[in-house]
$ cat input-v2.csv   # CSV, C-alpha atoms
chain,number,residue,atom,x,y,z
A,1,MET,CA,73.2,150.2,52.8
A,2,GLU,CA,70.3,150.6,50.4
A,3,PRO,CA,69.2,147.6,48.3
A,4,GLY,CA,70.8,147.7,44.9
A,5,ASN,CA,68.8,146.9,41.8
A,6,ASP,CA,71.7,147.5,39.4
A,7,THR,CA,72.5,143.9,38.9
A,8,GLN,CA,75.0,144.5,36.1
A,9,ARG,CA,77.4,146.0,38.6
A,10,LEU,CA,76.5,143.8,41.6
A,11,GLU,CA,79.1,141.3,42.7
A,12,PHE,CA,79.3,138.6,45.4
A,13,LEU,CA,82.5,137.8,47.3
A,14,LEU,CA,83.2,134.1,47.7
A,15,LEU,CA,85.4,133.9,50.9
A,16,GLY,CA,86.4,130.3,50.1
A,17,LEU,CA,87.7,127.7,52.5
A,18,ALA,CA,90.6,129.5,54.0
A,19,GLU,CA,91.8,133.1,54.1
A,20,ASP,CA,95.5,132.2,54.8
A,21,PRO,CA,97.5,133.2,51.7
A,22,GLU,CA,100.0,130.4,52.4
A,23,LEU,CA,97.3,127.8,52.0
A,24,GLN,CA,96.1,129.0,48.6
A,25,PRO,CA,98.7,127.1,46.5
A,26,PHE,CA,98.0,123.9,48.5
A,27,LEU,CA,94.2,124.3,48.0
A,28,PHE,CA,94.7,125.0,44.3
A,29,GLY,CA,96.8,121.9,43.7
A,30,LEU,CA,94.5,119.7,45.9
A,31,PHE,CA,91.2,120.8,44.2
A,32,LEU,CA,92.7,120.8,40.7
A,33,SER,CA,93.9,117.2,41.2
A,34,MET,CA,90.5,116.1,42.6
A,35,TYR,CA,88.7,117.8,39.8
A,36,LEU,CA,90.8,116.2,37.1
A,37,VAL,CA,90.4,112.7,38.8
A,38,THR,CA,86.6,113.3,39.0
A,39,VAL,CA,86.2,114.3,35.4
A,40,LEU,CA,88.5,111.6,34.0
A,41,GLY,CA,87.0,108.9,36.2
A,42,ASN,CA,83.5,109.6,35.2
A,43,LEU,CA,84.3,110.0,31.5
A,44,LEU,CA,86.0,106.6,31.6
A,45,ILE,CA,82.8,105.1,33.0
A,46,ILE,CA,80.8,106.7,30.2
A,47,LEU,CA,83.2,105.5,27.6
A,48,ALA,CA,83.3,102.0,29.0
A,49,THR,CA,79.5,101.7,29.0
A,50,ILE,CA,79.2,103.1,25.4
A,51,SER,CA,82.0,101.1,23.9
A,52,ASP,CA,81.3,97.7,25.4
A,53,SER,CA,78.1,95.9,24.1
A,54,HIS,CA,78.0,93.8,27.3
A,55,LEU,CA,77.2,96.9,29.2
A,56,HIS,CA,74.2,98.0,27.1
A,57,THR,CA,71.8,97.2,29.9
A,58,PRO,CA,69.5,99.4,32.1
A,59,MET,CA,71.9,99.3,35.0
A,60,TYR,CA,74.8,100.7,33.0
A,61,PHE,CA,72.6,103.1,31.1
A,62,PHE,CA,71.7,104.7,34.4
A,63,LEU,CA,75.3,104.6,35.6
A,64,SER,CA,76.5,106.4,32.5
A,65,ASN,CA,73.9,109.1,33.1
A,66,LEU,CA,75.0,109.4,36.7
A,67,SER,CA,78.6,109.7,35.7
A,68,PHE,CA,77.8,112.5,33.3
A,69,VAL,CA,75.8,114.3,35.9
A,70,ASP,CA,78.7,113.9,38.5
A,71,ALA,CA,81.2,115.4,36.0
A,72,CYS,CA,78.9,118.4,35.3
A,73,PHE,CA,78.1,118.7,39.0
A,74,THR,CA,81.7,119.2,40.0
A,75,SER,CA,82.3,121.5,37.0
A,76,THR,CA,79.7,124.0,38.3
A,77,THR,CA,81.8,124.9,41.4
A,78,ILE,CA,85.5,123.9,41.2
A,79,PRO,CA,86.6,125.7,38.0
A,80,LYS,CA,85.5,129.1,39.4
A,81,MET,CA,87.1,128.3,42.7
A,82,LEU,CA,90.4,127.5,41.0
A,83,VAL,CA,90.2,130.7,38.9
A,84,ASN,CA,89.6,132.8,42.0
A,85,ILE,CA,92.6,131.2,43.8
A,86,GLN,CA,94.8,131.7,40.8
A,87,THR,CA,93.8,135.3,40.2
A,88,GLN,CA,93.7,136.1,44.0
A,89,SER,CA,90.1,137.4,43.5
A,90,LYS,CA,87.0,136.5,45.4
A,91,ALA,CA,84.5,138.2,43.2
A,92,ILE,CA,81.8,136.5,41.2
A,93,PRO,CA,79.3,138.7,39.2
A,94,TYR,CA,75.6,138.6,39.9
A,95,ALA,CA,74.8,136.8,36.6
A,96,GLY,CA,77.6,134.3,37.3
A,97,CYS,CA,76.2,133.6,40.8
A,98,ILE,CA,72.7,133.0,39.5
A,99,THR,CA,74.0,130.7,36.8
A,100,GLN,CA,76.0,128.8,39.3
A,101,ILE,CA,73.0,128.4,41.6
A,102,HIS,CA,70.9,127.2,38.6
A,103,PHE,CA,73.3,124.4,37.5
A,104,PHE,CA,74.2,123.4,41.1
A,105,VAL,CA,70.5,122.9,42.0
A,106,LEU,CA,69.9,121.2,38.6
A,107,PHE,CA,72.7,118.6,39.0
A,108,THR,CA,72.1,118.0,42.7
A,109,GLY,CA,68.5,117.2,41.9
A,110,LEU,CA,69.6,114.9,39.0
A,111,ASP,CA,72.0,113.1,41.3
A,112,ASP,CA,69.3,112.5,43.8
A,113,LEU,CA,66.7,111.3,41.2
A,114,LEU,CA,69.1,109.1,39.3
A,115,LEU,CA,70.1,107.3,42.5
A,116,THR,CA,66.4,106.8,43.1
A,117,VAL,CA,65.9,105.4,39.6
A,118,MET,CA,68.9,103.1,40.1
A,119,ALA,CA,67.4,101.9,43.4
A,120,TYR,CA,64.2,101.0,41.5
A,121,ASP,CA,66.3,99.2,38.9
A,122,GLN,CA,68.0,97.1,41.6
A,123,PHE,CA,64.6,96.3,43.2
A,124,VAL,CA,63.2,95.0,39.9
A,125,ALA,CA,66.4,93.0,39.2
A,126,ILE,CA,66.5,91.2,42.5
A,127,CYS,CA,62.8,91.0,43.5
A,128,HIS,CA,61.4,90.4,40.0
A,129,PRO,CA,64.3,88.8,38.0
A,130,LEU,CA,62.1,86.9,35.6
A,131,HIS,CA,60.2,90.0,34.5
A,132,TYR,CA,63.2,92.3,34.6
A,133,MET,CA,63.8,92.8,30.8
A,134,VAL,CA,60.0,93.3,30.3
A,135,ILE,CA,59.6,95.9,33.1
A,136,MET,CA,62.9,97.7,32.4
A,137,ASN,CA,62.7,98.0,28.7
A,138,CYS,CA,64.4,100.7,26.6
A,139,ARG,CA,61.3,102.9,26.6
A,140,VAL,CA,60.9,102.8,30.4
A,141,CYS,CA,64.6,103.5,31.0
A,142,GLY,CA,64.5,106.5,28.7
A,143,LEU,CA,61.3,107.8,30.2
A,144,LEU,CA,62.7,107.5,33.8
A,145,VAL,CA,65.8,109.5,32.8
A,146,LEU,CA,63.7,112.0,30.9
A,147,VAL,CA,61.4,112.6,33.8
A,148,SER,CA,64.4,113.1,36.1
A,149,TRP,CA,65.8,115.7,33.8
A,150,VAL,CA,62.5,117.5,33.4
A,151,VAL,CA,61.8,117.6,37.1
A,152,SER,CA,65.4,118.8,37.9
A,153,VAL,CA,65.3,121.5,35.2
A,154,LEU,CA,62.0,122.9,36.4
A,155,HIS,CA,63.1,122.9,40.0
A,156,ALA,CA,66.4,124.6,39.1
A,157,LEU,CA,64.5,127.2,37.0
A,158,LEU,CA,62.1,127.8,39.9
A,159,GLN,CA,64.8,128.4,42.4
A,160,SER,CA,66.7,130.7,40.0
A,161,LEU,CA,63.7,132.8,39.3
A,162,MET,CA,63.0,133.0,43.1
A,163,VAL,CA,66.5,134.4,43.6
A,164,LEU,CA,66.1,136.9,40.7
A,165,ARG,CA,63.1,138.5,42.5
A,166,LEU,CA,65.2,139.4,45.5
A,167,SER,CA,67.1,142.7,46.0
A,168,PHE,CA,70.7,142.7,47.2
A,169,CYS,CA,73.0,145.2,48.7
A,170,THR,CA,76.5,145.7,47.3
A,171,ASP,CA,79.7,144.0,48.3
A,172,LEU,CA,78.0,140.8,49.5
A,173,GLU,CA,80.2,138.3,51.3
A,174,ILE,CA,79.4,134.6,51.0
A,175,PRO,CA,81.4,132.3,53.4
A,176,HIS,CA,81.6,129.6,50.9
A,177,PHE,CA,83.6,128.6,47.8
A,178,PHE,CA,80.5,128.8,45.5
A,179,CYS,CA,77.1,130.5,45.4
A,180,GLU,CA,75.2,128.2,47.7
A,181,LEU,CA,71.4,128.8,47.5
A,182,ASN,CA,70.7,129.3,51.2
A,183,GLN,CA,73.7,131.6,51.7
A,184,VAL,CA,72.7,133.8,48.8
A,185,VAL,CA,69.1,134.1,50.0
A,186,GLN,CA,70.2,135.0,53.5
A,187,ARG,CA,72.2,137.9,52.1
A,188,ALA,CA,69.1,139.5,50.4
A,189,CYS,CA,67.9,142.9,51.5
A,190,SER,CA,64.3,142.2,50.6
A,191,ASP,CA,61.8,139.8,52.2
A,192,THR,CA,62.9,136.1,51.8
A,193,PHE,CA,59.9,134.3,53.4
A,194,LEU,CA,58.6,133.0,50.0
A,195,ASN,CA,62.0,131.8,49.0
A,196,GLU,CA,62.4,129.9,52.3
A,197,VAL,CA,59.0,128.3,51.8
A,198,VAL,CA,59.9,127.2,48.3
A,199,ILE,CA,63.3,125.8,49.5
A,200,TYR,CA,61.6,123.9,52.3
A,201,PHE,CA,59.0,122.2,50.1
A,202,ALA,CA,61.7,121.4,47.5
A,203,VAL,CA,63.8,119.7,50.2
A,204,VAL,CA,60.8,117.7,51.4
A,205,PHE,CA,59.7,116.7,47.9
A,206,LEU,CA,63.0,116.2,46.1
A,207,GLY,CA,64.8,114.9,49.2
A,208,GLY,CA,62.2,113.1,51.2
A,209,VAL,CA,60.3,111.3,48.5
A,210,PRO,CA,63.4,109.9,46.7
A,211,LEU,CA,64.8,108.8,50.0
A,212,THR,CA,61.6,107.0,50.9
A,213,VAL,CA,61.6,105.2,47.5
A,214,ILE,CA,65.2,104.2,48.0
A,215,LEU,CA,64.5,102.9,51.6
A,216,TYR,CA,61.4,101.0,50.5
A,217,SER,CA,63.3,99.4,47.5
A,218,TYR,CA,66.1,98.2,49.8
A,219,HIS,CA,63.7,97.0,52.3
A,220,LYS,CA,62.2,94.7,49.6
A,221,ILE,CA,65.6,93.8,48.3
A,222,VAL,CA,66.8,92.7,51.8
A,223,SER,CA,63.7,90.7,52.3
A,224,SER,CA,64.2,89.0,48.9
A,225,ILE,CA,67.9,88.3,49.7
A,226,ARG,CA,67.0,86.7,53.0
A,227,ALA,CA,64.6,84.4,51.3
A,228,ILE,CA,67.4,83.0,49.1
A,229,SER,CA,68.4,79.6,50.4
A,230,SER,CA,72.0,79.3,49.2
A,231,ALA,CA,74.8,81.4,50.6
A,232,GLN,CA,76.3,81.8,47.1
A,233,GLY,CA,72.9,83.1,45.8
A,234,LYS,CA,72.7,85.6,48.7
A,235,TYR,CA,76.3,86.8,48.0
A,236,LYS,CA,75.6,87.3,44.3
A,237,ALA,CA,72.4,89.2,44.9
A,238,PHE,CA,74.0,91.4,47.5
A,239,SER,CA,77.0,92.1,45.3
A,240,THR,CA,74.6,93.3,42.6
A,241,CYS,CA,73.5,96.3,44.7
A,242,ALA,CA,76.5,96.8,46.9
A,243,SER,CA,78.0,99.5,44.8
A,244,HIS,CA,74.8,101.5,44.5
A,245,LEU,CA,74.1,101.1,48.2
A,246,SER,CA,77.6,102.5,48.9
A,247,VAL,CA,77.1,105.5,46.6
A,248,VAL,CA,73.6,106.2,48.1
A,249,SER,CA,75.0,106.0,51.7
A,250,LEU,CA,77.9,108.4,50.7
A,251,PHE,CA,75.6,110.9,49.0
A,252,TYR,CA,72.9,111.1,51.6
A,253,GLY,CA,75.4,110.7,54.5
A,254,THR,CA,77.5,113.7,53.4
A,255,CYS,CA,74.4,115.8,52.6
A,256,LEU,CA,72.8,115.1,55.9
A,257,GLY,CA,76.1,115.7,57.7
A,258,VAL,CA,76.5,119.1,56.1
A,259,TYR,CA,73.0,120.3,56.9
A,260,LEU,CA,73.0,118.9,60.5
A,261,SER,CA,76.4,120.6,61.1
A,262,SER,CA,75.0,123.9,59.7
A,263,ALA,CA,72.0,123.6,62.1
A,264,VAL,CA,74.2,122.9,65.1
A,265,THR,CA,77.0,125.3,64.5
A,266,GLN,CA,77.0,128.9,63.4
A,267,ASN,CA,80.4,128.6,61.9
A,268,SER,CA,79.9,129.1,58.1
A,269,HIS,CA,83.5,128.2,57.3
A,270,SER,CA,83.1,124.8,59.0
A,271,THR,CA,79.9,124.2,56.9
A,272,ALA,CA,81.7,125.2,53.7
A,273,THR,CA,84.5,122.8,54.5
A,274,ALA,CA,82.0,120.0,55.3
A,275,SER,CA,80.2,120.6,52.0
A,276,VAL,CA,83.4,119.7,50.1
A,277,MET,CA,82.4,116.1,50.9
A,278,TYR,CA,79.3,116.0,48.8
A,279,THR,CA,80.3,118.5,46.2
A,280,VAL,CA,83.8,117.2,45.4
A,281,VAL,CA,84.7,114.0,47.2
A,282,THR,CA,81.5,112.0,46.5
A,283,PRO,CA,81.5,112.6,42.7
A,284,MET,CA,85.2,111.7,42.7
A,285,LEU,CA,84.7,108.4,44.6
A,286,ASN,CA,81.7,107.2,42.6
A,287,PRO,CA,83.7,105.9,39.6
A,288,PHE,CA,86.1,104.1,41.9
A,289,ILE,CA,83.3,102.5,43.9
A,290,TYR,CA,81.6,101.2,40.7
A,291,SER,CA,84.8,100.1,38.9
A,292,LEU,CA,86.6,98.5,41.8
A,293,ARG,CA,83.5,96.4,42.8
A,294,ASN,CA,82.3,95.6,39.2
A,295,LYS,CA,84.1,93.0,37.1
A,296,ASP,CA,82.2,94.1,33.9
A,297,ILE,CA,83.4,97.7,34.3
A,298,LYS,CA,87.0,96.7,35.0
A,299,CYS,CA,86.9,94.4,32.0
A,300,ALA,CA,85.6,97.2,29.7
A,301,LEU,CA,88.2,99.6,31.0
A,302,ARG,CA,91.0,97.0,30.3
A,303,ARG,CA,89.6,96.7,26.7
A,304,ILE,CA,89.8,100.5,26.4
A,305,CYS,CA,93.4,100.5,27.6
A,306,GLY,CA,94.3,97.6,25.3
A,307,THR,CA,95.0,95.1,28.0
A,308,GLY,CA,93.1,92.1,29.3
A,309,ARG,CA,91.6,91.1,26.0
A,310,GLN,CA,92.3,87.5,26.5
A,311,LYS,CA,90.7,87.3,29.9
A,312,CYS,CA,87.6,89.4,29.0
$ encode --input "input-v2.csv" --output "structure tokens"
Amino acid sequence: MEPGNDTQRLEFLLLGLAEDPELQPFLFGLFLSMYLVTVLGNLLIILATISDSHLHTPMYFFLSNLSFVDACFTSTTIPKMLVNIQTQSKAIPYAGCITQIHFFVLFTGLDDLLLTVMAYDQFVAICHPLHYMVIMNCRVCGLLVLVSWVVSVLHALLQSLMVLRLSFCTDLEIPHFFCELNQVVQRACSDTFLNEVVIYFAVVFLGGVPLTVILYSYHKIVSSIRAISSAQGKYKAFSTCASHLSVVSLFYGTCLGVYLSSAVTQNSHSTATASVMYTVVTPMLNPFIYSLRNKDIKCALRRICGTGRQKC
């Protein structure tokens, strides 16, 4: 089939997670529930950090930004998937696919960079507690978030423009529930070498560098905690970063699991199923991890709900 340049009529077919019609109602209910829990949970975290003056600190400022990004991250893929299940259609137009790629890459990069910024915040809080408020002042916190947004927007724009230069054939099938960048590039009829090079360097730069910063930060944090003499002091210091460490492990563990599984197996449907972990499950669990292990968040949520005023 000849490459098609008529992008207005070009459509991709998202094959989804399962082709069995009997499973579609179950998948619709499952992902709708997970999506609503994710959005509601992250919005509650944002509301709690804004409404409670005790949470107007760098740590919770970064957490509220992470919650906003997680809600947007899930919203780039799940609503379209739910619409396709409900309408029994697998099609997504070319413009819609490019848009989905752009925002998916944007919010994935933001998730990664914000987790890195939060690791640095934990490092300063535990390793340099006396200088914490001087180092992590309002200007620095705002600048760190701004840089994260600028880098992520530029990266997403670059990847989108790289896809726009490709030519595609008609009736393209993507064995995924959203327009995943690698899958779309692999379906191109034109040469994709430059796209693959850009993707590779983006993974090294936006994946390797933040992970190195996180590992270095926690290496210093562990060294500082070990130097604390009292057991109570060690527990308090560890509990400060336990939630963030759990989220980082979940994010990188699921991402690494997906890409390792895609390298080992050629089964695209298995890879699509595995990718549910970091695209849906991780953003859904983040609010629970932070709220269940954090007394300040739980106290703020009780105030919002009108309970626990006496205790908090």
$ closest_residue --input "input-v2.csv" --among "A:Ile126, A:Lys80, A:Leu15, A:Gly207" --to "A:Ser239" --atoms "only C-alpha atoms"
A:Ile126
$ residues_around --input "input-v2.csv" --residues "A:Thr74" --least-positions-apart "4" --cutoff "8 Å" --atoms "all atoms listed in the file" --output "JSON list (two decimals) with C-alpha atoms, in the coordinates of the input"
[["chain", "number", "residue", "atom", "x", "y", "z"],
["A", 35, "TYR", "CA", 88.70, 117.80, 39.80],
["A", 38, "THR", "CA", 86.60, 113.30, 39.00],
["A", 70, "ASP", "CA", 78.70, 113.90, 38.50],
["A", 78, "ILE", "CA", 85.50, 123.90, 41.20],
["A", 279, "THR", "CA", 80.30, 118.50, 46.20],
["A", 280, "VAL", "CA", 83.80, 117.20, 45.40],
["A", 283, "PRO", "CA", 81.50, 112.60, 42.70]]
$ closest_residue --input "input-v2.csv" --among "A:Leu32, A:Val124, A:Ile50, A:Leu157" --to "A:Ile221" --atoms "all atoms listed in the file"
A:Val124
$ atom_distance --input "input-v2.csv" --atom1 "atom CA of A:Leu114" --atom2 "atom CA of A:Leu130"
23.6 Å
$ closest_residue --input "input-v2.csv" --among "A:Val163, A:Ala237, A:Ser64, A:Leu13" --to "A:Leu44" --atoms "only C-alpha atoms"
A:Ser64
$ closest_residue --input "input-v2.csv" --among "A:Phe61, A:Tyr235, A:Phe103, A:Tyr132" --to "A:Leu158" --atoms "all atoms listed in the file"
A:Phe103
$ atom_distance --input "input-v2.csv" --atom1 "atom CA of A:Ala119" --atom2 "atom CA of A:Ser148"
13.7 Å
$ atom_distance --input "input-v2.csv" --atom1 "atom CA of A:Thr108" --atom2 "atom CA of A:Phe73"
7.1 Å
$ residues_around --input "input-v2.csv" --residues "A:Pro79" --least-positions-apart "6" --cutoff "12 Å" --atoms "only C-alpha atoms" --output "JSON, numbers by chain"
{"A": [28, 31, 32, 33, 34, 35, 36, 39, 71, 72, 73, 85, 86, 100, 177, 178, 280]}
$ closest_residue --input "input-v2.csv" --among "A:Ser190, A:Gln183, A:Ser75, A:Ser152" --to "A:Phe168" --atoms "all atoms listed in the file"
A:Ser190
$ residues_around --input "input-v2.csv" --residues "stretch 286-299 of chain A" --least-positions-apart "3" --cutoff "9 Å" --atoms "all atoms listed in the file" --output "PyMOL selection string"
chain A and resi 38+41-42+44-45+48-49+54-55+63+67+70+239-240+242-244+246-247+281-283+302-304+308-309+311-312
$ write_last_selection --input "input-v2.csv" --atoms "C-alpha atoms" --output "compact mmCIF listing (two decimals), in the frame of the given file"
# COMPACT_ATOMS: atom_id res chain seq x y z
CA THR A 38 86.60 113.30 39.00
CA GLY A 41 87.00 108.90 36.20
CA ASN A 42 83.50 109.60 35.20
CA LEU A 44 86.00 106.60 31.60
CA ILE A 45 82.80 105.10 33.00
CA ALA A 48 83.30 102.00 29.00
CA THR A 49 79.50 101.70 29.00
CA HIS A 54 78.00 93.80 27.30
CA LEU A 55 77.20 96.90 29.20
CA LEU A 63 75.30 104.60 35.60
CA SER A 67 78.60 109.70 35.70
CA ASP A 70 78.70 113.90 38.50
CA SER A 239 77.00 92.10 45.30
CA THR A 240 74.60 93.30 42.60
CA ALA A 242 76.50 96.80 46.90
CA SER A 243 78.00 99.50 44.80
CA HIS A 244 74.80 101.50 44.50
CA SER A 246 77.60 102.50 48.90
CA VAL A 247 77.10 105.50 46.60
CA VAL A 281 84.70 114.00 47.20
CA THR A 282 81.50 112.00 46.50
CA PRO A 283 81.50 112.60 42.70
CA ARG A 302 91.00 97.00 30.30
CA ARG A 303 89.60 96.70 26.70
CA ILE A 304 89.80 100.50 26.40
CA GLY A 308 93.10 92.10 29.30
CA ARG A 309 91.60 91.10 26.00
CA LYS A 311 90.70 87.30 29.90
CA CYS A 312 87.60 89.40 29.00
$ residues_around --input "input-v2.csv" --residues "A:Gly109" --least-positions-apart "3" --cutoff "9 Å" --atoms "only C-alpha atoms" --output "list in words"
Phe104, Val105, Leu106, Asp112, Leu113, Leu114, Ser148, Trp149, Val151, Ser152, Val153, His155, Ala156, Leu206 and Gly207 of chain A
$ closest_residue --input "input-v2.csv" --among "A:Val134, A:Ala300, A:Leu146, A:Val37" --to "A:Leu285" --atoms "all atoms listed in the file"
A:Val37
$ decode --input "input-v2.csv" --residues "stretch 209-227 of chain A" --atoms "N, CA and C atoms" --output "mmCIF file, in the first residue's frame"
data_model
loop_
_atom_site.group_PDB
_atom_site.id
_atom_site.type_symbol
_atom_site.label_atom_id
_atom_site.label_comp_id
_atom_site.auth_asym_id
_atom_site.auth_seq_id
_atom_site.Cartn_x
_atom_site.Cartn_y
_atom_site.Cartn_z
ATOM 1 N N VAL A 209 19.351 10.529 33.386
ATOM 2 C CA VAL A 209 19.826 11.630 34.234
ATOM 3 C C VAL A 209 18.958 11.803 35.484
ATOM 4 N N PRO A 210 17.616 11.885 35.370
ATOM 5 C CA PRO A 210 16.800 11.978 36.585
ATOM 6 C C PRO A 210 16.977 10.784 37.520
ATOM 7 N N LEU A 211 17.074 9.578 36.958
ATOM 8 C CA LEU A 211 17.258 8.393 37.804
ATOM 9 C C LEU A 211 18.591 8.466 38.544
ATOM 10 N N THR A 212 19.629 8.955 37.874
ATOM 11 C CA THR A 212 20.923 9.110 38.525
ATOM 12 C C THR A 212 20.854 10.109 39.678
ATOM 13 N N VAL A 213 20.135 11.215 39.458
ATOM 14 C CA VAL A 213 19.968 12.222 40.518
ATOM 15 C C VAL A 213 19.209 11.628 41.704
ATOM 16 N N ILE A 214 18.162 10.862 41.407
ATOM 17 C CA ILE A 214 17.368 10.244 42.477
ATOM 18 C C ILE A 214 18.214 9.254 43.272
ATOM 19 N N LEU A 215 18.962 8.408 42.582
ATOM 20 C CA LEU A 215 19.797 7.414 43.263
ATOM 21 C C LEU A 215 20.882 8.090 44.099
ATOM 22 N N TYR A 216 21.481 9.147 43.573
ATOM 23 C CA TYR A 216 22.504 9.876 44.328
ATOM 24 C C TYR A 216 21.886 10.525 45.570
ATOM 25 N N SER A 217 20.713 11.118 45.400
ATOM 26 C CA SER A 217 20.040 11.769 46.537
ATOM 27 C C SER A 217 19.755 10.767 47.641
ATOM 28 N N TYR A 218 19.252 9.606 47.268
ATOM 29 C CA TYR A 218 18.914 8.610 48.295
ATOM 30 C C TYR A 218 20.153 7.937 48.872
ATOM 31 N N HIS A 219 21.230 7.903 48.104
ATOM 32 C CA HIS A 219 22.492 7.429 48.672
ATOM 33 C C HIS A 219 22.937 8.345 49.803
ATOM 34 N N LYS A 220 22.846 9.651 49.578
ATOM 35 C CA LYS A 220 23.205 10.620 50.615
ATOM 36 C C LYS A 220 22.216 10.587 51.775
ATOM 37 N N ILE A 221 20.944 10.394 51.455
ATOM 38 C CA ILE A 221 19.919 10.340 52.503
ATOM 39 C C ILE A 221 20.152 9.147 53.423
ATOM 40 N N VAL A 222 20.422 7.979 52.836
ATOM 41 C CA VAL A 222 20.678 6.771 53.633
ATOM 42 C C VAL A 222 21.916 6.963 54.507
ATOM 43 N N SER A 223 22.951 7.579 53.951
ATOM 44 C CA SER A 223 24.175 7.840 54.726
ATOM 45 C C SER A 223 23.887 8.760 55.909
ATOM 46 N N SER A 224 23.052 9.777 55.680
ATOM 47 C CA SER A 224 22.692 10.709 56.759
ATOM 48 C C SER A 224 21.849 10.027 57.822
ATOM 49 N N ILE A 225 20.907 9.178 57.399
ATOM 50 C CA ILE A 225 20.057 8.472 58.356
ATOM 51 C C ILE A 225 20.880 7.513 59.208
ATOM 52 N N ARG A 226 21.838 6.839 58.602
ATOM 53 C CA ARG A 226 22.692 5.904 59.350
ATOM 54 C C ARG A 226 23.535 6.627 60.378
ATOM 55 N N ALA A 227 23.837 7.903 60.131
ATOM 56 C CA ALA A 227 24.666 8.666 61.068
ATOM 57 C C ALA A 227 23.880 9.160 62.273
#
